$ cat target31.txt   # compact mmCIF, C-alpha atoms
# COMPACT_ATOMS: atom_id res chain seq x y z
CA HIS R 1 106.53 86.53 46.55
CA GLY R 2 104.59 83.52 45.39
CA ASP R 3 102.52 81.52 47.85
CA CYS R 4 103.55 83.22 51.11
CA VAL R 5 101.04 85.23 53.15
CA GLU R 6 102.32 88.53 51.85
CA GLY R 7 102.23 87.19 48.31
CA MET R 8 98.61 86.10 48.71
CA CYS R 9 97.39 89.20 50.58
CA SER R 10 99.34 92.03 49.00
CA THR R 11 97.56 94.76 47.10
CA GLY R 12 98.84 93.24 43.87
CA ALA R 13 97.52 89.78 44.70
CA LEU R 14 94.15 91.11 45.84
CA THR R 15 93.68 93.28 42.75
CA ALA R 16 94.56 90.33 40.52
CA ARG R 17 92.03 88.14 42.35
CA ALA R 18 89.33 90.83 42.26
CA ILE R 19 90.21 91.76 38.66
CA CYS R 20 90.52 95.44 39.43
CA THR R 21 93.16 98.13 39.69
CA PRO R 22 94.91 99.08 42.96
CA SER R 23 92.93 102.32 43.03
CA ASP R 24 89.68 100.31 42.84
CA LEU R 25 90.55 98.06 45.78
CA PRO R 26 89.49 100.47 48.57
CA GLY R 27 86.11 100.84 46.89
CA LEU R 28 85.31 97.13 46.94
CA SER R 29 82.51 96.33 49.35
CA ASP R 30 83.35 94.60 52.63
CA ASP R 31 81.42 91.54 51.50
CA HIS R 32 83.51 91.07 48.33
CA ILE R 33 84.93 87.53 48.24
CA VAL R 34 88.49 88.86 47.91
CA TRP R 35 88.41 89.96 51.57
CA ASP R 36 87.32 86.50 52.65
CA HIS R 37 90.30 84.94 50.88
CA CYS R 38 92.63 87.52 52.42
CA ALA R 39 91.26 86.91 55.93
CA TYR R 40 91.66 83.16 55.52
CA TYR R 41 95.33 83.44 54.55
CA ILE R 42 96.06 85.78 57.46
CA ALA R 43 94.20 83.42 59.80
CA GLN R 44 96.47 80.62 58.62
CA LEU R 45 99.43 82.77 59.68
CA CYS R 46 97.84 83.48 63.07
CA THR R 47 97.10 79.79 63.55
CA SER R 48 100.69 78.88 62.72
CA MET R 49 101.97 81.47 65.19
CA VAL R 50 99.74 80.05 67.93
CA LEU R 51 100.88 76.50 67.26
CA ILE R 52 104.57 77.32 66.88
CA ALA R 53 105.21 80.14 69.36
CA SER R 54 102.25 80.33 71.78
CA PRO R 55 102.11 84.15 71.72
CA GLU R 56 100.26 86.04 74.42
CA LEU R 57 98.88 88.45 71.82
CA ILE R 58 98.91 88.85 68.05
CA CYS R 59 98.99 92.42 66.72
CA ILE R 60 98.69 92.77 62.97
CA GLY R 61 98.33 95.79 60.75
CA GLY R 62 99.46 97.67 57.71
CA GLY R 63 98.17 98.50 54.24
CA VAL R 64 95.48 95.94 53.48
CA LEU R 65 94.68 95.53 57.18
CA ASN R 66 93.49 99.12 57.32
CA ARG R 67 90.21 97.52 56.23
CA GLU R 68 88.88 96.84 59.71
CA SER R 69 86.22 94.43 58.48
CA LEU R 70 89.01 91.87 57.99
CA TYR R 71 89.64 91.42 61.72
CA PRO R 72 86.38 89.62 62.63
CA ARG R 73 86.93 87.23 59.70
CA ILE R 74 90.55 86.61 60.65
CA ARG R 75 89.47 85.81 64.20
CA LYS R 76 86.66 83.52 63.03
CA TYR R 77 88.92 81.59 60.66
CA THR R 78 91.69 81.32 63.26
CA LEU R 79 89.28 79.68 65.70
CA GLN R 80 88.01 77.37 62.97
CA LEU R 81 91.52 76.36 61.98
CA LEU R 82 92.57 75.74 65.58
CA ASN R 83 89.39 73.68 66.04
CA GLY R 84 89.76 73.65 69.83
CA TYR R 85 93.24 72.13 69.65
CA VAL R 86 94.74 74.82 71.88
CA GLN R 87 92.89 75.56 75.09
CA HIS R 88 93.35 79.14 76.24
CA GLU R 89 90.93 81.63 77.78
CA LEU R 90 91.44 84.10 74.90
CA LEU R 91 90.96 81.51 72.16
CA THR R 92 87.18 81.58 72.41
CA GLU R 93 84.50 83.31 70.35
CA ASP R 94 83.87 85.69 73.24
CA ARG R 95 87.48 86.74 73.75
CA ILE R 96 89.41 86.20 70.51
CA HIS R 97 89.15 89.96 69.87
CA GLU R 98 91.45 90.42 72.87
CA PHE R 99 93.99 88.02 71.36
CA ILE R 100 94.12 89.10 67.70
CA LYS R 101 94.21 92.88 67.56
CA ALA R 102 94.94 95.66 65.15
CA SER R 103 98.32 97.28 65.55
CA TYR R 104 97.92 101.05 65.90
CA TRP R 105 101.54 102.11 66.37

$ encode --input "target31.txt" --output "structure tokens"
Amino acid sequence: HGDCVEGMCSTGALTARAICTPSDLPGLSDDHIVWDHCAYYIAQLCTSMVLIASPELICIGGGVLNRESLYPRIRKYTLQLLNGYVQHELLTEDRIHEFIKASYW
């Protein structure tokens, strides 16, 4: 994969960054720095999607994103990266949770 979002946020990439085994990854605390890095990379993807495609909603999910504590960080970093560049009622601290959601299908 390399430097793509999946390459940076896959189980393999996260375990290498955290210096642990895949079976240890679920046991890492929510405040472990590896989750912050992961959230930042996913926020970069969300930011790119906003700037390129102007989606009405972003639903993300799957393996690593089963860790629900990532979503608030992803939202926070997305707003920081956008830095007010895009004005939309859902792109605010109060409503970003309505814009970036977990996919439960």

$ closest_atom_pairs --input "target31.txt" --of "stretch 9-40 of chain R" --to "stretch 75-84 of chain R" --cutoff "10 Å" --atoms "only C-alpha atoms" --output "CSV"
residue,atom,partner,partner_atom,distance
R:Asp36,CA,R:Tyr77,CA,9.5
R:Ala39,CA,R:Tyr77,CA,7.5
R:Tyr40,CA,R:Tyr77,CA,6.0

$ write_last_selection --input "target31.txt" --atoms "C-alpha atoms" --output "mmCIF file, keeping the file's coordinate frame"
data_model
loop_
_atom_site.group_PDB
_atom_site.id
_atom_site.type_symbol
_atom_site.label_atom_id
_atom_site.label_comp_id
_atom_site.auth_asym_id
_atom_site.auth_seq_id
_atom_site.Cartn_x
_atom_site.Cartn_y
_atom_site.Cartn_z
ATOM 1 C CA ASP R 36 87.320 86.500 52.650
ATOM 2 C CA ALA R 39 91.260 86.910 55.930
ATOM 3 C CA TYR R 40 91.660 83.160 55.520
#

$ closest_residue --input "target31.txt" --among "R:Cys20, R:Ile33, R:Ile42, R:Leu65" --to "R:Gly7" --atoms "all atoms listed in the file"
R:Ile42

$ residues_around --input "target31.txt" --residues "R:Ser10" --least-positions-apart "6" --cutoff "9 Å" --atoms "only C-alpha atoms" --output "CSV table (one decimal) with C-alpha atoms, keeping the file's coordinate frame"
chain,number,residue,atom,x,y,z
R,38,CYS,CA,92.6,87.5,52.4
R,63,GLY,CA,98.2,98.5,54.2
R,64,VAL,CA,95.5,95.9,53.5

$ closest_residue --input "target31.txt" --among "R:Phe99, R:Asp31, R:Asp24, R:Tyr71" --to "R:Pro55" --atoms "all atoms listed in the file"
R:Phe99

$ closest_residue --input "target31.txt" --among "R:Glu56, R:Asp3, R:Glu98, R:Asp30" --to "R:Glu68" --atoms "only C-alpha atoms"
R:Asp30

$ atom_distance --input "target31.txt" --atom1 "atom CA of R:Cys46" --atom2 "atom CA of R:Lys101"
11.0 Å

$ residues_around --input "target31.txt" --residues "R:Tyr104" --least-positions-apart "2" --cutoff "10 Å" --atoms "all atoms listed in the file" --output "short mmCIF file (atom, residue, chain, number, x, y, z; two decimals) with C-alpha atoms, in the coordinates of the input"
data_model
loop_
_atom_site.label_atom_id
_atom_site.label_comp_id
_atom_site.auth_asym_id
_atom_site.auth_seq_id
_atom_site.Cartn_x
_atom_site.Cartn_y
_atom_site.Cartn_z
CA CYS R 59 98.99 92.42 66.72
CA ILE R 60 98.69 92.77 62.97
CA GLY R 61 98.33 95.79 60.75
CA GLY R 62 99.46 97.67 57.71
CA ASN R 66 93.49 99.12 57.32
CA LYS R 101 94.21 92.88 67.56
CA ALA R 102 94.94 95.66 65.15
#

$ atom_distance --input "target31.txt" --atom1 "atom CA of R:Asp94" --atom2 "atom CA of R:Pro72"
11.6 Å
